[in-house]
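Okay, query_18.pdb is below, PDB, C-alpha atoms and all ligand atoms:
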ATOM      1  CA  MET A   1       2.172 -61.098   2.456
ATOM      2  CA  LYS A   2       4.372 -58.110   2.665
ATOM      3  CA  HIS A   3       2.764 -54.736   2.276
ATOM      4  CA  GLU A   4       4.709 -51.971   0.707
ATOM      5  CA  PRO A   5       4.165 -48.693   2.509
ATOM      6  CA  ILE A   6       1.853 -46.451   0.540
ATOM      7  CA  SER A   7       3.921 -43.515  -0.559
ATOM      8  CA  ALA A   8       2.128 -40.461   0.735
ATOM      9  CA  ALA A   9       2.583 -37.813  -1.907
ATOM     10  CA  PRO A  10       2.596 -34.382  -0.314
ATOM     11  CA  VAL A  11      -0.568 -32.347  -0.726
ATOM     12  CA  VAL A  12       0.039 -29.528  -3.207
ATOM     13  CA  ASN A  13      -1.070 -26.295  -1.600
ATOM     14  CA  GLY A  14      -2.186 -23.081  -3.304
ATOM     15  CA  LEU A  15       0.298 -20.206  -3.220
ATOM     16  CA  SER A  16      -0.933 -16.708  -4.007
ATOM     17  CA  VAL A  17       0.223 -13.105  -4.012
ATOM     18  CA  ASP A  18      -2.264 -10.217  -3.862
ATOM     19  CA  VAL A  19      -0.536  -7.676  -6.075
ATOM     20  CA  GLU A  20      -1.223  -4.180  -4.767
ATOM     21  CA  ASP A  21       1.052  -1.338  -3.679
ATOM     22  CA  TRP A  22       1.825  -0.203  -0.124
ATOM     23  CA  PHE A  23      -0.841   2.524  -0.180
ATOM     24  CA  GLN A  24      -3.680   0.377  -1.567
ATOM     25  CA  VAL A  25      -4.438  -1.712   1.486
ATOM     26  CA  GLY A  26      -7.879  -1.636   3.083
ATOM     27  CA  ALA A  27      -6.432  -0.540   6.433
ATOM     28  CA  PHE A  28      -5.322   2.821   4.985
ATOM     29  CA  GLU A  29      -8.297   3.613   2.791
ATOM     30  CA  ASN A  30      -9.614   6.302   5.118
ATOM     31  CA  VAL A  31      -6.225   8.029   5.199
ATOM     32  CA  ILE A  32      -5.095   7.828   1.554
ATOM     33  CA  GLY A  33      -7.802   8.452  -1.054
ATOM     34  CA  ARG A  34      -7.785   6.864  -4.516
ATOM     35  CA  ASP A  35      -7.271  10.352  -5.990
ATOM     36  CA  ASP A  36      -3.924  10.535  -4.181
ATOM     37  CA  TRP A  37      -2.548   7.263  -5.540
ATOM     38  CA  ASP A  38      -0.969   8.689  -8.660
ATOM     39  CA  GLY A  39       1.166  11.083  -6.613
ATOM     40  CA  LEU A  40       2.773   8.311  -4.537
ATOM     41  CA  SER A  41       5.954   6.356  -5.190
ATOM     42  CA  LEU A  42       5.304   2.993  -6.831
ATOM     43  CA  ARG A  43       7.165   0.133  -5.164
ATOM     44  CA  VAL A  44       5.142  -2.876  -6.267
ATOM     45  CA  GLU A  45       7.221  -3.691  -9.341
ATOM     46  CA  ASP A  46      10.521  -4.050  -7.466
ATOM     47  CA  ASN A  47       8.810  -6.103  -4.781
ATOM     48  CA  VAL A  48       7.165  -8.442  -7.295
ATOM     49  CA  LEU A  49      10.521  -8.934  -9.039
ATOM     50  CA  ARG A  50      12.000 -10.023  -5.700
ATOM     51  CA  ILE A  51       9.098 -12.442  -5.227
ATOM     52  CA  LEU A  52       9.633 -13.872  -8.722
ATOM     53  CA  ASP A  53      13.280 -14.516  -7.813
ATOM     54  CA  LEU A  54      12.296 -16.161  -4.547
ATOM     55  CA  PHE A  55       9.779 -18.446  -6.294
ATOM     56  CA  ASP A  56      12.255 -19.208  -9.045
ATOM     57  CA  GLU A  57      14.903 -20.219  -6.536
ATOM     58  CA  ALA A  58      12.420 -22.562  -4.801
ATOM     59  CA  GLU A  59      11.081 -23.797  -8.163
ATOM     60  CA  VAL A  60       7.474 -23.068  -7.252
ATOM     61  CA  LYS A  61       4.653 -21.684  -9.372
ATOM     62  CA  ALA A  62       1.994 -19.448  -7.889
ATOM     63  CA  THR A  63      -0.954 -17.197  -8.694
ATOM     64  CA  PHE A  64      -0.667 -13.398  -8.746
ATOM     65  CA  PHE A  65      -4.087 -11.821  -8.051
ATOM     66  CA  THR A  66      -3.395  -8.372  -9.472
ATOM     67  CA  LEU A  67      -5.271  -5.070  -9.367
ATOM     68  CA  GLY A  68      -6.255  -3.647 -12.763
ATOM     69  CA  TRP A  69      -4.842  -0.320 -11.509
ATOM     70  CA  VAL A  70      -1.415  -1.934 -11.050
ATOM     71  CA  ALA A  71      -1.509  -3.816 -14.368
ATOM     72  CA  LYS A  72      -2.328  -0.577 -16.210
ATOM     73  CA  ARG A  73       0.927   0.969 -14.966
ATOM     74  CA  HIS A  74       3.165  -2.111 -15.092
ATOM     75  CA  GLY A  75       2.450  -3.918 -18.358
ATOM     76  CA  PRO A  76       5.933  -5.469 -18.759
ATOM     77  CA  LEU A  77       5.716  -6.864 -15.212
ATOM     78  CA  MET A  78       2.485  -8.665 -16.112
ATOM     79  CA  ARG A  79       4.271 -10.357 -19.004
ATOM     80  CA  ARG A  80       7.196 -11.280 -16.731
ATOM     81  CA  ILE A  81       4.804 -13.023 -14.323
ATOM     82  CA  VAL A  82       3.204 -15.043 -17.113
ATOM     83  CA  GLU A  83       6.488 -15.841 -18.874
ATOM     84  CA  ALA A  84       7.878 -17.210 -15.591
ATOM     85  CA  GLY A  85       5.079 -19.808 -15.611
ATOM     86  CA  HIS A  86       2.848 -18.283 -12.956
ATOM     87  CA  GLU A  87      -0.869 -17.628 -13.196
ATOM     88  CA  LEU A  88      -2.040 -14.031 -13.554
ATOM     89  CA  ALA A  89      -5.512 -13.537 -12.053
ATOM     90  CA  SER A  90      -7.766 -10.629 -11.069
ATOM     91  CA  HIS A  91      -7.964  -8.763  -7.764
ATOM     92  CA  GLY A  92     -10.508  -6.245  -9.149
ATOM     93  CA  TYR A  93      -9.657  -2.766 -10.429
ATOM     94  CA  ASP A  94      -8.835  -0.548  -7.444
ATOM     95  CA  HIS A  95      -9.403  -2.589  -4.300
ATOM     96  CA  ALA A  96     -12.961  -1.489  -3.518
ATOM     97  CA  ARG A  97     -14.619  -4.070  -1.270
ATOM     98  CA  VAL A  98     -17.259  -6.119  -3.080
ATOM     99  CA  PHE A  99     -19.958  -5.628  -0.432
ATOM    100  CA  THR A 100     -19.850  -1.871  -1.200
ATOM    101  CA  PHE A 101     -20.896  -2.571  -4.826
ATOM    102  CA  SER A 102     -24.216  -3.287  -6.506
ATOM    103  CA  ARG A 103     -24.095  -6.316  -8.795
ATOM    104  CA  LYS A 104     -23.884  -3.983 -11.804
ATOM    105  CA  GLU A 105     -20.948  -2.053 -10.346
ATOM    106  CA  PHE A 106     -19.180  -5.289  -9.465
ATOM    107  CA  GLY A 107     -19.683  -6.569 -13.022
ATOM    108  CA  GLU A 108     -18.148  -3.379 -14.420
ATOM    109  CA  ASP A 109     -15.217  -3.511 -12.001
ATOM    110  CA  ILE A 110     -14.186  -7.057 -12.831
ATOM    111  CA  ARG A 111     -14.719  -6.547 -16.571
ATOM    112  CA  LYS A 112     -12.477  -3.472 -16.572
ATOM    113  CA  ALA A 113      -9.766  -5.202 -14.511
ATOM    114  CA  ARG A 114      -9.793  -8.278 -16.717
ATOM    115  CA  GLU A 115      -9.472  -6.266 -19.948
ATOM    116  CA  ILE A 116      -6.402  -4.480 -18.613
ATOM    117  CA  LEU A 117      -4.811  -7.683 -17.278
ATOM    118  CA  GLU A 118      -5.410  -9.592 -20.509
ATOM    119  CA  ASP A 119      -4.210  -6.724 -22.736
ATOM    120  CA  ALA A 120      -1.050  -6.299 -20.669
ATOM    121  CA  SER A 121      -0.138  -9.967 -20.407
ATOM    122  CA  GLY A 122      -1.679 -11.739 -23.388
ATOM    123  CA  ALA A 123      -2.919 -14.388 -20.935
ATOM    124  CA  LYS A 124      -6.538 -15.388 -20.328
ATOM    125  CA  ILE A 125      -7.780 -14.473 -16.847
ATOM    126  CA  THR A 126      -9.980 -17.137 -15.239
ATOM    127  CA  GLY A 127      -9.453 -16.612 -11.494
ATOM    128  CA  TYR A 128     -10.608 -13.870  -9.142
ATOM    129  CA  ARG A 129      -9.935 -12.829  -5.553
ATOM    130  CA  ALA A 130     -12.091 -10.160  -3.921
ATOM    131  CA  PRO A 131     -10.217  -7.280  -2.271
ATOM    132  CA  SER A 132     -10.031  -7.887   1.498
ATOM    133  CA  PHE A 133     -11.892 -11.217   1.070
ATOM    134  CA  SER A 134     -15.083  -9.175   0.760
ATOM    135  CA  PHE A 135     -17.489 -11.919  -0.367
ATOM    136  CA  ASP A 136     -19.983 -12.835   2.327
ATOM    137  CA  GLN A 137     -23.721 -13.330   2.930
ATOM    138  CA  ARG A 138     -24.338  -9.810   1.529
ATOM    139  CA  THR A 139     -22.966 -10.668  -1.935
ATOM    140  CA  PRO A 140     -24.825 -13.740  -3.285
ATOM    141  CA  TRP A 141     -24.908 -12.061  -6.734
ATOM    142  CA  ALA A 142     -21.117 -11.898  -6.916
ATOM    143  CA  TYR A 143     -20.823 -15.585  -7.840
ATOM    144  CA  MET A 144     -23.548 -15.213 -10.476
ATOM    145  CA  GLU A 145     -21.628 -12.345 -12.036
ATOM    146  CA  LEU A 146     -18.332 -14.291 -12.026
ATOM    147  CA  ALA A 147     -20.039 -17.290 -13.622
ATOM    148  CA  ASP A 148     -21.721 -15.067 -16.250
ATOM    149  CA  GLN A 149     -18.348 -13.575 -17.150
ATOM    150  CA  GLY A 150     -16.812 -17.019 -17.564
ATOM    151  CA  TYR A 151     -14.568 -17.241 -14.513
ATOM    152  CA  ILE A 152     -13.498 -20.744 -13.472
ATOM    153  CA  TYR A 153     -12.797 -20.084  -9.816
ATOM    154  CA  SER A 154     -12.819 -17.551  -7.018
ATOM    155  CA  SER A 155     -10.743 -17.395  -3.851
ATOM    156  CA  SER A 156     -12.618 -14.595  -2.150
ATOM    157  CA  VAL A 157     -13.837 -15.948   1.164
ATOM    158  CA  ALA A 158     -12.226 -15.955   4.592
ATOM    159  CA  PRO A 159     -14.472 -18.419   6.463
ATOM    160  CA  VAL A 160     -13.718 -16.937   9.864
ATOM    161  CA  ALA A 161     -14.801 -14.077  12.127
ATOM    162  CA  HIS A 162     -12.441 -11.103  11.753
ATOM    163  CA  ASP A 163     -12.767  -7.388  12.449
ATOM    164  CA  HIS A 164     -12.410  -6.294   8.793
ATOM    165  CA  TYR A 165     -13.747  -9.245   6.847
ATOM    166  CA  GLY A 166     -14.982 -12.794   7.075
ATOM    167  CA  TRP A 167     -17.950 -15.019   6.287
ATOM    168  CA  LYS A 168     -17.800 -17.265   9.291
ATOM    169  CA  GLU A 169     -20.575 -19.662   8.207
ATOM    170  CA  ALA A 170     -18.968 -20.425   4.821
ATOM    171  CA  PRO A 171     -17.446 -23.876   4.207
ATOM    172  CA  ARG A 172     -13.733 -24.099   5.027
ATOM    173  CA  PHE A 173     -12.826 -25.958   1.849
ATOM    174  CA  ALA A 174     -13.652 -25.793  -1.868
ATOM    175  CA  PHE A 175     -17.357 -25.470  -2.637
ATOM    176  CA  LYS A 176     -19.632 -24.797  -5.600
ATOM    177  CA  PRO A 177     -21.651 -21.686  -4.786
ATOM    178  CA  LEU A 178     -24.119 -22.056  -7.694
ATOM    179  CA  PRO A 179     -26.036 -25.273  -8.465
ATOM    180  CA  TRP A 180     -26.100 -24.518 -12.217
ATOM    181  CA  SER A 181     -22.431 -23.627 -12.642
ATOM    182  CA  ASP A 182     -19.040 -25.317 -12.268
ATOM    183  CA  LEU A 183     -17.599 -22.165 -10.705
ATOM    184  CA  VAL A 184     -15.655 -23.180  -7.611
ATOM    185  CA  GLU A 185     -14.831 -21.105  -4.534
ATOM    186  CA  ILE A 186     -11.591 -21.897  -2.743
ATOM    187  CA  PRO A 187     -11.598 -20.192   0.662
ATOM    188  CA  VAL A 188      -8.393 -19.029   2.276
ATOM    189  CA  THR A 189      -7.115 -21.435   4.922
ATOM    190  CA  THR A 190      -8.388 -21.681   8.455
ATOM    191  CA  ALA A 191      -7.311 -24.190  11.080
ATOM    192  CA  ILE A 192      -9.256 -25.519  14.039
ATOM    193  CA  LEU A 193      -7.859 -24.511  17.409
ATOM    194  CA  GLY A 194      -9.766 -25.316  20.587
ATOM    195  CA  GLY A 195     -12.869 -26.084  18.512
ATOM    196  CA  ARG A 196     -12.780 -22.685  16.778
ATOM    197  CA  ARG A 197     -11.793 -21.598  13.318
ATOM    198  CA  VAL A 198      -8.666 -19.477  13.250
ATOM    199  CA  ALA A 199      -7.236 -17.620  10.241
ATOM    200  CA  ALA A 200      -4.134 -19.439   9.055
ATOM    201  CA  GLY A 201      -3.766 -18.555   5.379
ATOM    202  CA  GLY A 202      -1.255 -15.758   5.542
ATOM    203  CA  GLY A 203      -1.507 -11.989   5.598
ATOM    204  CA  GLY A 204      -0.712 -10.344   8.910
ATOM    205  CA  PHE A 205      -1.102 -13.602  10.842
ATOM    206  CA  PHE A 206       1.815 -15.202   9.047
ATOM    207  CA  ARG A 207       4.003 -12.151   9.489
ATOM    208  CA  VAL A 208       3.166 -11.407  13.121
ATOM    209  CA  LEU A 209       2.899 -14.909  14.633
ATOM    210  CA  PRO A 210       5.836 -17.326  14.901
ATOM    211  CA  TYR A 211       6.453 -19.494  11.842
ATOM    212  CA  ALA A 212       5.677 -22.557  13.968
ATOM    213  CA  PHE A 213       1.995 -21.542  14.013
ATOM    214  CA  SER A 214       1.734 -21.606  10.218
ATOM    215  CA  ARG A 215       3.632 -24.886  10.047
ATOM    216  CA  TRP A 216       1.243 -26.438  12.562
ATOM    217  CA  ALA A 217      -1.833 -25.103  10.724
ATOM    218  CA  ILE A 218      -0.738 -26.232   7.256
ATOM    219  CA  ARG A 219       0.182 -29.660   8.619
ATOM    220  CA  GLN A 220      -3.219 -29.964  10.277
ATOM    221  CA  VAL A 221      -4.995 -29.128   7.027
ATOM    222  CA  ASN A 222      -2.748 -31.358   4.869
ATOM    223  CA  ARG A 223      -2.341 -34.367   7.153
ATOM    224  CA  SER A 224      -5.381 -34.519   9.418
ATOM    225  CA  GLU A 225      -7.896 -33.180   6.914
ATOM    226  CA  GLY A 226      -6.202 -34.277   3.688
ATOM    227  CA  LYS A 227      -6.850 -30.869   2.071
ATOM    228  CA  PRO A 228      -4.675 -28.274   0.382
ATOM    229  CA  ALA A 229      -3.936 -25.077   2.283
ATOM    230  CA  ILE A 230      -4.420 -21.724   0.560
ATOM    231  CA  PHE A 231      -1.806 -19.153   1.442
ATOM    232  CA  TYR A 232      -1.531 -15.475   0.449
ATOM    233  CA  PHE A 233       0.732 -12.513   1.040
ATOM    234  CA  HIS A 234       1.376  -9.047  -0.414
ATOM    235  CA  PRO A 235       4.427  -7.538  -2.158
ATOM    236  CA  TRP A 236       4.598  -4.695   0.417
ATOM    237  CA  GLU A 237       5.077  -7.287   3.181
ATOM    238  CA  ILE A 238       8.648  -7.943   2.025
ATOM    239  CA  ASP A 239       9.454  -4.219   1.814
ATOM    240  CA  PRO A 240      10.719  -2.824   5.153
ATOM    241  CA  ASP A 241      11.685   0.484   3.477
ATOM    242  CA  GLN A 242       8.173   1.449   2.365
ATOM    243  CA  PRO A 243       6.976   4.930   3.426
ATOM    244  CA  ARG A 244       5.131   4.998   6.761
ATOM    245  CA  VAL A 245       1.534   6.205   6.586
ATOM    246  CA  ALA A 246       0.911   8.863   9.213
ATOM    247  CA  GLY A 247      -2.558   9.238  10.643
ATOM    248  CA  ALA A 248      -3.637   5.631  10.230
ATOM    249  CA  PRO A 249      -5.248   3.941  13.262
ATOM    250  CA  ILE A 250      -2.647   2.500  15.633
ATOM    251  CA  LYS A 251      -4.027  -1.038  15.277
ATOM    252  CA  SER A 252      -3.671  -0.830  11.481
ATOM    253  CA  ARG A 253      -0.133   0.527  11.806
ATOM    254  CA  ILE A 254       0.966  -2.255  14.128
ATOM    255  CA  ARG A 255      -0.591  -4.877  11.883
ATOM    256  CA  HIS A 256       0.931  -3.396   8.732
ATOM    257  CA  TYR A 257       4.500  -2.710   9.879
ATOM    258  CA  THR A 258       5.349  -5.558  12.280
ATOM    259  CA  ASN A 259       8.106  -7.942  11.159
ATOM    260  CA  LEU A 260       8.417  -6.649   7.566
ATOM    261  CA  GLU A 261      12.156  -7.331   7.686
ATOM    262  CA  LYS A 262      11.583 -10.947   8.749
ATOM    263  CA  MET A 263       9.049 -11.694   6.022
ATOM    264  CA  ALA A 264      11.331 -12.642   3.120
ATOM    265  CA  PRO A 265      13.323 -15.282   5.063
ATOM    266  CA  LYS A 266      10.100 -16.605   6.598
ATOM    267  CA  LEU A 267       8.539 -16.960   3.150
ATOM    268  CA  ARG A 268      11.633 -18.687   1.858
ATOM    269  CA  GLY A 269      11.246 -21.270   4.632
ATOM    270  CA  LEU A 270       7.565 -21.744   3.860
ATOM    271  CA  VAL A 271       7.938 -22.258   0.117
ATOM    272  CA  HIS A 272      10.717 -24.783   0.683
ATOM    273  CA  GLU A 273       8.997 -26.742   3.442
ATOM    274  CA  PHE A 274       5.685 -27.484   1.714
ATOM    275  CA  ALA A 275       4.575 -28.306  -1.845
ATOM    276  CA  TRP A 276       2.960 -25.365  -3.670
ATOM    277  CA  GLY A 277       1.266 -24.669  -6.966
ATOM    278  CA  ARG A 278      -0.951 -22.321  -8.966
ATOM    279  CA  MET A 279      -4.524 -21.694  -7.872
ATOM    280  CA  ASP A 280      -6.054 -22.511 -11.272
ATOM    281  CA  VAL A 281      -4.458 -25.972 -11.221
ATOM    282  CA  LEU A 282      -5.658 -26.493  -7.653
ATOM    283  CA  ALA A 283      -9.174 -25.259  -8.556
ATOM    284  CA  HIS A 284      -9.350 -27.760 -11.371
ATOM    285  CA  ARG A 285      -8.341 -30.576  -9.023
ATOM    286  CA  GLU A 286     -10.632 -29.509  -6.182
ATOM    287  CA  ALA A 287     -13.691 -28.952  -8.398
ATOM    288  CA  ALA A 288     -14.364 -32.688  -8.581
ATOM    289  CA  GLY A 289     -14.817 -33.085  -4.824
ATOM    290  CA  ALA A 290     -16.311 -29.665  -4.109
ATOM    291  CA  GLN A 291     -19.538 -29.619  -2.105
ATOM    292  CA  GLU A 292     -22.519 -27.626  -3.262
ATOM    293  CA  LEU A 293     -23.281 -24.703  -1.069
ATOM    294  CA  VAL A 294     -26.435 -25.216   0.983
ATOM    295  CA  THR A 295     -27.814 -22.030   2.471
TER     296      THR A 295
HETATM  297 ZN    ZN B   1      -5.814  -6.926  -1.618
END

What do you get writing this file as C-alpha cells?
Ligand SMILES: [Zn+2]
Amino acid sequence: MKHEPISAAPVVNGLSVDVEDWFQVGAFENVIGRDDWDGLSLRVEDNVLRILDLFDEAEVKATFFTLGWVAKRHGPLMRRIVEAGHELASHGYDHARVFTFSRKEFGEDIRKAREILEDASGAKITGYRAPSFSFDQRTPWAYMELADQGYIYSSSVAPVAHDHYGWKEAPRFAFKPLPWSDLVEIPVTTAILGGRRVAAGGGGFFRVLPYAFSRWAIRQVNRSEGKPAIFYFHPWEIDPDQPRVAGAPIKSRIRHYTNLEKMAPKLRGLVHEFAWGRMDVLAHREAAGAQELVT
C-alpha cells in the first residue's frame, strides 16, 4: 500500500506589536517622566502606518497591543488598525508595570485603557499584554482581575530570567492560570539552548542578534515542539530617526538604539518566512490544549 505523505501545514505563529512611542519604554522611565510625555514629538502614528503597509504587503494579520495613552491621541489610527483586519488589544494605560500596582489599581488601569480603545476603534477588546511582561509570582490577582473584566486571553509573561522582567518558573506555552476560568495565558516565546530557556520572541533580541538566531528558535518551537511561536516588536524599533534620550543608562541606550535601521528589512524577512496570525485567533486555538497552572 502506498502512503501519501502527510502534508505538514505550517504552524501559524502569533504576531504582535506593542504600540507605544519612543519615550514610553521601561528603559527610559527614570529619565523621562510621564508628566513630560505631552511635550515630546509623537512618532508612533507614522511608524504604525509603515507597519500596516509592511503587513499588508506580506498579507499577514497581527495584534496591536496598544496603550490607552496612545489611543486617546490617535483615534483615527485605531480605526485604521481594525479596518485593516488586525486585532486591537490592550497594553494598559501608560505603561506602568503591573507588579507596581495593587489589584484595585490594576483593575482601574485596564478598565480605563479598554474604554479608550473601544471608544476610539468601535472594536471589542478581549486581549491584554502587560507592559514589560510584568506578570510574575507577585501578581496572582492580575489574572483574576482580567477574568472578572471579561478578557479572553493575556500574553503577559516572559518565562525566562531577564534583568528587567521574567517569570522563569512559568510554563513556556499556553496555560490556564485560573481553574474556574477559560482565560488563557500565552507566554512570549523562549527556545531551549544548552538546556536553558533563552528569550526568542522578539524585542531587543531580534534586533540585536543575527536573524539566523530567530529563524533557528522559531523552527525549534514549530517543528520540534509543534507549538506556535509568539513574536513581538515596537513601532519605535523601525524608526532610526527617533530623538536620542540623553542621560539614560548606557546599557539601555545600546539595547534601544542598536540596528534600528536594519529592523524593517529584517521584519520583512520574518513575516514572509513563517506563517503568522492574530493573537485572539491563536488564543482560541490554543485554549483547548492549554494546561492548568499548578503552583
Ligand atoms: Zn510595552

Original post:
If you count only C-alpha atoms and all ligand atoms, which residues end up within 10 Å of ligand ZN 1 (chain B), as a ChimeraX atom specification?
Top reply: /A:17-21,24-26,65-67,91-92,94-97,129-134,203,232-234

**OP:** Kindly give the distance, in Å, that separates CA of Ser102 in chain A and CA of Gly33 in chain A, rounded to a single decimal.
**Re:**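 Spanning CA of Ser102 in chain A to CA of Gly33 in chain A is a straight-line distance of 20.9 Å.
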
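Matched in the shown structure by the PyMOL selection byres (((chain A and resi 86) around 7) and not hetatm): Lys61, Ala62, Thr63, Ile81, Val82, Ala84, Gly85, Glu87, Leu88 and Arg278 of chain A.
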
Subject >> Minimum-distance residue to Ser41 in chain A, chosen among A:Ile238, A:Trp22, A:Glu29, A:Tyr128 (using all atoms listed in the file) >> reply: A:Trp22

Do you have, as JSON lines, the list of residues of range 162-250 of chain A lying at most 8 Å from range 280-287 of chain A, each with its nearest atom pair and that distance in Å to one decimal, counting all atoms listed in the file and ordered by chain then number?
{"residue": "A:Ala174", "atom": "CA", "partner": "A:Glu286", "partner_atom": "CA", "distance": 6.4}
{"residue": "A:Phe175", "atom": "CA", "partner": "A:Ala287", "partner_atom": "CA", "distance": 7.7}
{"residue": "A:Lys176", "atom": "CA", "partner": "A:Ala287", "partner_atom": "CA", "distance": 7.8}
{"residue": "A:Asp182", "atom": "CA", "partner": "A:Ala287", "partner_atom": "CA", "distance": 7.5}
{"residue": "A:Val184", "atom": "CA", "partner": "A:Ala287", "partner_atom": "CA", "distance": 6.1}
{"residue": "A:Ile186", "atom": "CA", "partner": "A:Ala283", "partner_atom": "CA", "distance": 7.1}

Original post:
Using all atoms listed in the file, what residues lie at most 7 Å away from (-10.3, 1.6, -12.0) (file coordinates), given as a list of chain:residue names?
Top reply: A:Gly68, A:Trp69, A:Tyr93, A:Asp94

**OP:** Find the residues around Ala200 in chain A up to 12 Å (all atoms listed in the file counted), leave out those fewer than 5 positions away in its own chain, and share them as a PyMOL selection string.
**Re:** chain A and resi 158-160+172+187-193+205-221+229-233

Subject >> Atomic distance CA of Gly269 in chain A - CA of Phe64 in chain A, expressed in Å with one decimal >> reply: 19.6 Å

**OP:** Run the PyMOL selection byres (((chain A and resi 139) around 12) and not hetatm) on the file and write out the hits as a PyMOL selection string.
**Re:** chain A and resi 97-104+106+130+133-138+140-146+156-157+167+177

Original post:
How would you write as an NGL selection string the residues that get within 7 Å of (-4.9, 11.6, 10.6) in the file's frame, counting only C-alpha atoms?
Top reply: :A and (31 or 246-248)

Okay, now the selection with C-alpha atoms, as an mmCIF file, in the coordinates of the input?
data_model
loop_
_atom_site.group_PDB
_atom_site.id
_atom_site.type_symbol
_atom_site.label_atom_id
_atom_site.label_comp_id
_atom_site.auth_asym_id
_atom_site.auth_seq_id
_atom_site.Cartn_x
_atom_site.Cartn_y
_atom_site.Cartn_z
ATOM 1 C CA VAL A 31 -6.225 8.029 5.199
ATOM 2 C CA ALA A 246 0.911 8.863 9.213
ATOM 3 C CA GLY A 247 -2.558 9.238 10.643
ATOM 4 C CA ALA A 248 -3.637 5.631 10.230
#

**OP:** Given the file shown, enumerate the residues that the PyMOL selection byres (((chain A and resi 13) around 7) and not hetatm) captures and present them as number ranges by chain.
**Re:** A: 11-12, 14-15, 228-230, 275-277

Original post:
In terms of the shortest atom-to-atom distance over all atoms listed in the file, which of A:Lys227, A:Arg253, A:Arg268, A:Arg114 is closest to Pro10 in chain A?
Top reply: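 Among A:Lys227, A:Arg253, A:Arg268, A:Arg114, it is A:Lys227 that comes nearest to Pro10 in chain A.
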
Subject >> Minimum-distance residue to Ile152 in chain A, chosen among A:His272, A:Lys124, A:Arg111, A:Arg34 (using all atoms listed in the file) >> reply: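 The shortest atom-to-atom distance to Ile152 in chain A comes from A:Lys124.
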
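As for CA of Leu49 in chain A and CA of Gly75 in chain A, they are spaced 13.3 Å apart.
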
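Between Asp38 in chain A and the residues A:Ser121, A:Leu54, A:Arg73, A:Leu267, the shortest atom-to-atom distance, using all atoms listed in the file, involves A:Arg73.
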
Original post:
Quick one: of A:Leu183, A:Thr258, A:Gly202, A:Pro265, who's nearest to Ala288 in chain A, counting all atoms listed in the file?
Top reply: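 Counting all atoms listed in the file, the residue closest to Ala288 in chain A is A:Leu183.
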
Because the input lacks atoms here, generate N, CA and C atoms for range 95-109 of chain A and report them as a PDB file, in the frame of the given file.
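Output below, filename rebuild.pdb:
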ATOM      1  N   HIS A  95      -9.318  -2.114  -5.686  1.00  0.00           N
ATOM      2  CA  HIS A  95      -9.403  -2.589  -4.300  1.00  0.00           C
ATOM      3  C   HIS A  95     -10.633  -2.139  -3.533  1.00  0.00           C
ATOM      4  N   ALA A  96     -11.707  -1.774  -4.233  1.00  0.00           N
ATOM      5  CA  ALA A  96     -12.961  -1.489  -3.518  1.00  0.00           C
ATOM      6  C   ALA A  96     -13.550  -2.817  -3.042  1.00  0.00           C
ATOM      7  N   ARG A  97     -14.050  -2.836  -1.812  1.00  0.00           N
ATOM      8  CA  ARG A  97     -14.619  -4.070  -1.270  1.00  0.00           C
ATOM      9  C   ARG A  97     -15.922  -4.410  -1.991  1.00  0.00           C
ATOM     10  N   VAL A  98     -16.121  -5.693  -2.256  1.00  0.00           N
ATOM     11  CA  VAL A  98     -17.259  -6.119  -3.080  1.00  0.00           C
ATOM     12  C   VAL A  98     -18.596  -5.806  -2.410  1.00  0.00           C
ATOM     13  N   PHE A  99     -18.667  -5.889  -1.082  1.00  0.00           N
ATOM     14  CA  PHE A  99     -19.958  -5.628  -0.432  1.00  0.00           C
ATOM     15  C   PHE A  99     -20.351  -4.147  -0.474  1.00  0.00           C
ATOM     16  N   THR A 100     -19.467  -3.273  -1.001  1.00  0.00           N
ATOM     17  CA  THR A 100     -19.850  -1.871  -1.200  1.00  0.00           C
ATOM     18  C   THR A 100     -20.444  -1.650  -2.593  1.00  0.00           C
ATOM     19  N   PHE A 101     -20.401  -2.670  -3.453  1.00  0.00           N
ATOM     20  CA  PHE A 101     -20.896  -2.571  -4.826  1.00  0.00           C
ATOM     21  C   PHE A 101     -22.339  -3.053  -4.956  1.00  0.00           C
ATOM     22  N   SER A 102     -23.027  -2.590  -6.024  1.00  0.00           N
ATOM     23  CA  SER A 102     -24.216  -3.287  -6.506  1.00  0.00           C
ATOM     24  C   SER A 102     -23.687  -4.372  -7.454  1.00  0.00           C
ATOM     25  N   ARG A 103     -24.559  -5.291  -7.862  1.00  0.00           N
ATOM     26  CA  ARG A 103     -24.095  -6.316  -8.795  1.00  0.00           C
ATOM     27  C   ARG A 103     -23.580  -5.678 -10.083  1.00  0.00           C
ATOM     28  N   LYS A 104     -24.279  -4.631 -10.554  1.00  0.00           N
ATOM     29  CA  LYS A 104     -23.884  -3.983 -11.804  1.00  0.00           C
ATOM     30  C   LYS A 104     -22.487  -3.353 -11.672  1.00  0.00           C
ATOM     31  N   GLU A 105     -22.257  -2.689 -10.561  1.00  0.00           N
ATOM     32  CA  GLU A 105     -20.948  -2.053 -10.346  1.00  0.00           C
ATOM     33  C   GLU A 105     -19.837  -3.110 -10.252  1.00  0.00           C
ATOM     34  N   PHE A 106     -20.159  -4.206  -9.576  1.00  0.00           N
ATOM     35  CA  PHE A 106     -19.180  -5.289  -9.465  1.00  0.00           C
ATOM     36  C   PHE A 106     -18.838  -5.842 -10.849  1.00  0.00           C
ATOM     37  N   GLY A 107     -19.889  -6.055 -11.666  1.00  0.00           N
ATOM     38  CA  GLY A 107     -19.683  -6.569 -13.022  1.00  0.00           C
ATOM     39  C   GLY A 107     -18.771  -5.661 -13.834  1.00  0.00           C
ATOM     40  N   GLU A 108     -18.974  -4.342 -13.680  1.00  0.00           N
ATOM     41  CA  GLU A 108     -18.148  -3.379 -14.420  1.00  0.00           C
ATOM     42  C   GLU A 108     -16.707  -3.386 -13.915  1.00  0.00           C
ATOM     43  N   ASP A 109     -16.552  -3.499 -12.601  1.00  0.00           N
ATOM     44  CA  ASP A 109     -15.217  -3.511 -12.001  1.00  0.00           C
ATOM     45  C   ASP A 109     -14.399  -4.704 -12.484  1.00  0.00           C
TER      46      ASP A 109
END
